Amino acid sequence: MDFLDYAFMQRALLAAVLVGITAPAVGIYLVQRRQALMGDGIGHVAMTGVGLGFLLSTSPVWMATAVSVLGAVLMELIRWYGRTRGDIALAMLFYGGMAGGVMFINLAPGGSNANLTSYLFGSLSTVSESDVTSICLLAAFVVLVTVGLRRQLFAVSQDEEFARVTGLPVRALNLLTAVTAAVTVTVAMRVVGLLLVSALMVVPVAAAQQLTRSFAATFAIAVAIGVSVTIGGTVTSYYQDVPPGATIVLLTIAAFLALGALAAPLARRRARAAAAAHPAGDPAECTIPATRGADDGVGV
């Protein structure tokens, strides 16, 4: 535990825990909406914000937050109105974000692509006190939205038409989800990096879904996986001198594979239990289907 003697490791671990909580908390809604790669697209756009931060001598974290939020709103508008040319518009937005980041950071006084590397792939030693303050404030917003509005966000993620019929402000909630995802990307970029953050938003959720059949359990296990791998990756990167972002993502994938191996016998056990509960002699019409929320992984 000697790594706790260093201030930079204390800051890095605090940031890692917050990233481990927020990334899966947002990712579970993106997975339900079949927008698993949205975080990757926002990460590309956030590069422009980082470059502008260096160019204007302001905080790259807050500038990246502003630009990525704007990019997320544009992505939602393109999704609503883009129709057949939506994919082309999104591609231009993503690659334009990358190009803008590289251009702005090279135009900045004393700037070079080396300054961008820590934001692309994460860096432990460069997490400053101001970064930690920014990350804490942004993470608080993410947790407030994803937990406080979980029922509404879940309903919209599952079925927009049904949510609209029930009176929910679907477009406003979609925009809020996109904005929250954008904030999460900037929370995670100092630890995981902009190019790898999408994996931490999606893979823990996919891993948890292999074991659970309710939304609440999936949410809890995904966050637990996220916190475990971010702490484990941060500590490993300190002792082994390896990139923290890549280490965290590889640990996340390893967790997915391990839980997948455990899920197979669990699924067989459930199948045997279901067969025992409904003997072969009973006509299928007489069986009463289980409630959707309890058994299909959608209960809140």
# chains A, B, ... in the order shown; residues from 1 in each chain; ligands from 1

call {"tool": "residues_around", "arguments": {"residues": "region 241-256 of chain A", "least_positions_apart": "3", "cutoff": "9 Å", "atoms": "only C-alpha atoms", "output": "PyMOL selection string"}}
result
chain A and resi 120-124+189-193+196-197+199-200+203-204+206-208+210+225-226+228-238+259-261

call {"tool": "residues_around", "arguments": {"residues": "Arg171 (chain A)", "least_positions_apart": "5", "cutoff": "10 Å", "atoms": "only C-alpha atoms", "output": "JSON, numbers by chain"}}
result
{"A": [76, 77, 80, 156, 160, 164, 176, 177]}

call {"tool": "select_by_dssp", "arguments": {"residues": "region 44-151 of chain A", "states": "alpha helix (DSSP H)", "output": "number ranges by chain"}}
result
A: 44-55, 60-81, 86-107, 113-121, 129-148, 150-151

call {"tool": "closest_residue", "arguments": {"among": "A:Ser214, A:Thr126, A:Ser157, A:Ser134", "to": "Thr65 (chain A)", "atoms": "only C-alpha atoms"}}
result
A:Ser134

call {"tool": "closest_residue", "arguments": {"among": "A:Ala188, A:Ala16, A:Val227, A:Ala178", "to": "Leu74 (chain A)", "atoms": "only C-alpha atoms"}}
result
A:Ala178

call {"tool": "residues_around", "arguments": {"residues": "Val45 (chain A)", "least_positions_apart": "2", "cutoff": "12 Å", "atoms": "only C-alpha atoms", "output": "tab-separated table (two decimals) with C-alpha atoms, in the first residue's frame"}}
result
chain	number	residue	atom	x	y	z
A	38	MET	CA	-21.98	6.80	-28.57
A	39	GLY	CA	-19.25	7.31	-25.97
A	40	ASP	CA	-16.60	6.68	-28.61
A	41	GLY	CA	-18.09	9.34	-30.87
A	42	ILE	CA	-18.30	11.87	-28.03
A	43	GLY	CA	-14.66	11.09	-27.18
A	47	MET	CA	-10.60	16.17	-28.50
A	48	THR	CA	-11.51	19.54	-30.01
A	49	GLY	CA	-12.35	20.79	-26.53
A	50	VAL	CA	-9.01	19.64	-25.17
A	51	GLY	CA	-7.21	21.38	-28.03
A	52	LEU	CA	-9.19	24.58	-27.45
A	63	MET	CA	-13.51	23.11	-22.29
A	64	ALA	CA	-13.81	19.45	-23.30
A	65	THR	CA	-17.01	19.23	-21.26
A	66	ALA	CA	-18.55	22.20	-23.07
A	67	VAL	CA	-17.55	20.95	-26.54
A	68	SER	CA	-18.59	17.34	-25.90
A	69	VAL	CA	-21.99	18.45	-24.54
A	70	LEU	CA	-22.51	20.51	-27.70
A	71	GLY	CA	-21.42	17.52	-29.79
A	72	ALA	CA	-23.80	15.19	-27.93
A	73	VAL	CA	-26.71	17.56	-28.54
A	74	LEU	CA	-25.80	17.70	-32.25
A	75	MET	CA	-25.69	13.90	-32.34
A	90	LEU	CA	-22.13	11.83	-37.69
A	91	ALA	CA	-18.93	10.68	-39.42
A	92	MET	CA	-18.08	14.28	-40.29
A	93	LEU	CA	-18.73	15.32	-36.69
A	94	PHE	CA	-16.53	12.56	-35.24
A	95	TYR	CA	-13.58	12.96	-37.58
A	96	GLY	CA	-13.89	16.73	-37.52
A	97	GLY	CA	-13.62	16.56	-33.74
A	98	MET	CA	-10.40	14.56	-33.97
A	99	ALA	CA	-8.90	16.84	-36.61
A	100	GLY	CA	-9.90	19.96	-34.66
A	101	GLY	CA	-8.22	18.68	-31.52
A	102	VAL	CA	-4.94	17.97	-33.30
A	120	LEU	CA	-6.21	10.15	-25.47
A	182	ALA	CA	-20.78	13.63	-22.73
A	185	VAL	CA	-16.52	11.06	-21.20
A	186	THR	CA	-14.77	14.12	-19.77
A	194	LEU	CA	-10.83	9.57	-24.75
A	195	LEU	CA	-10.17	6.71	-27.15

call {"tool": "closest_residue", "arguments": {"among": "A:Ala155, A:Pro60, A:Ser125, A:Met201", "to": "Tyr6 (chain A)", "atoms": "only C-alpha atoms"}}
result
A:Ser125

call {"tool": "closest_residue", "arguments": {"among": "A:Phe3, A:Tyr119, A:Gly110, A:Ile135", "to": "Val19 (chain A)", "atoms": "only C-alpha atoms"}}
result
A:Ile135

call {"tool": "residues_around", "arguments": {"residues": "Ile21 (chain A)", "least_positions_apart": "2", "cutoff": "8 Å", "atoms": "only C-alpha atoms", "output": "PDB file with C-alpha atoms, in the first residue's frame"}}
result
ATOM      1  CA  VAL A  17     -13.295   5.328  -8.402  1.00  0.00           C
ATOM      2  CA  LEU A  18     -15.465   8.129  -9.770  1.00  0.00           C
ATOM      3  CA  VAL A  19     -14.892   6.931 -13.322  1.00  0.00           C
ATOM      4  CA  ALA A  23     -19.132   5.183 -16.807  1.00  0.00           C
ATOM      5  CA  PRO A  24     -21.283   2.035 -16.251  1.00  0.00           C
ATOM      6  CA  ALA A  25     -24.065   4.141 -14.707  1.00  0.00           C
ATOM      7  CA  VAL A 223     -20.844  -0.330 -11.210  1.00  0.00           C
ATOM      8  CA  ALA A 224     -19.071  -2.840  -8.945  1.00  0.00           C
ATOM      9  CA  GLY A 226     -16.319  -0.636 -13.063  1.00  0.00           C
ATOM     10  CA  VAL A 227     -14.921   0.370  -9.678  1.00  0.00           C
TER      11      VAL A 227
END

call {"tool": "atom_distance", "arguments": {"atom1": "CA of Ile105 (chain A)", "atom2": "CA of Ala15 (chain A)"}}
result
24.3 Å

call {"tool": "residues_around", "arguments": {"residues": "Pro109 (chain A)", "least_positions_apart": "4", "cutoff": "10 Å", "atoms": "only C-alpha atoms", "output": "list of chain:residue names"}}
result
A:Phe54, A:Leu55, A:Leu56, A:Ser57, A:Ile105

call {"tool": "atom_distance", "arguments": {"atom1": "CA of Ala12 (chain A)", "atom2": "CA of Trp62 (chain A)"}}
result
18.1 Å

call {"tool": "closest_residue", "arguments": {"among": "A:Met9, A:Arg34, A:Thr117, A:Ile28", "to": "Arg150 (chain A)", "atoms": "only C-alpha atoms"}}
result
A:Ile28
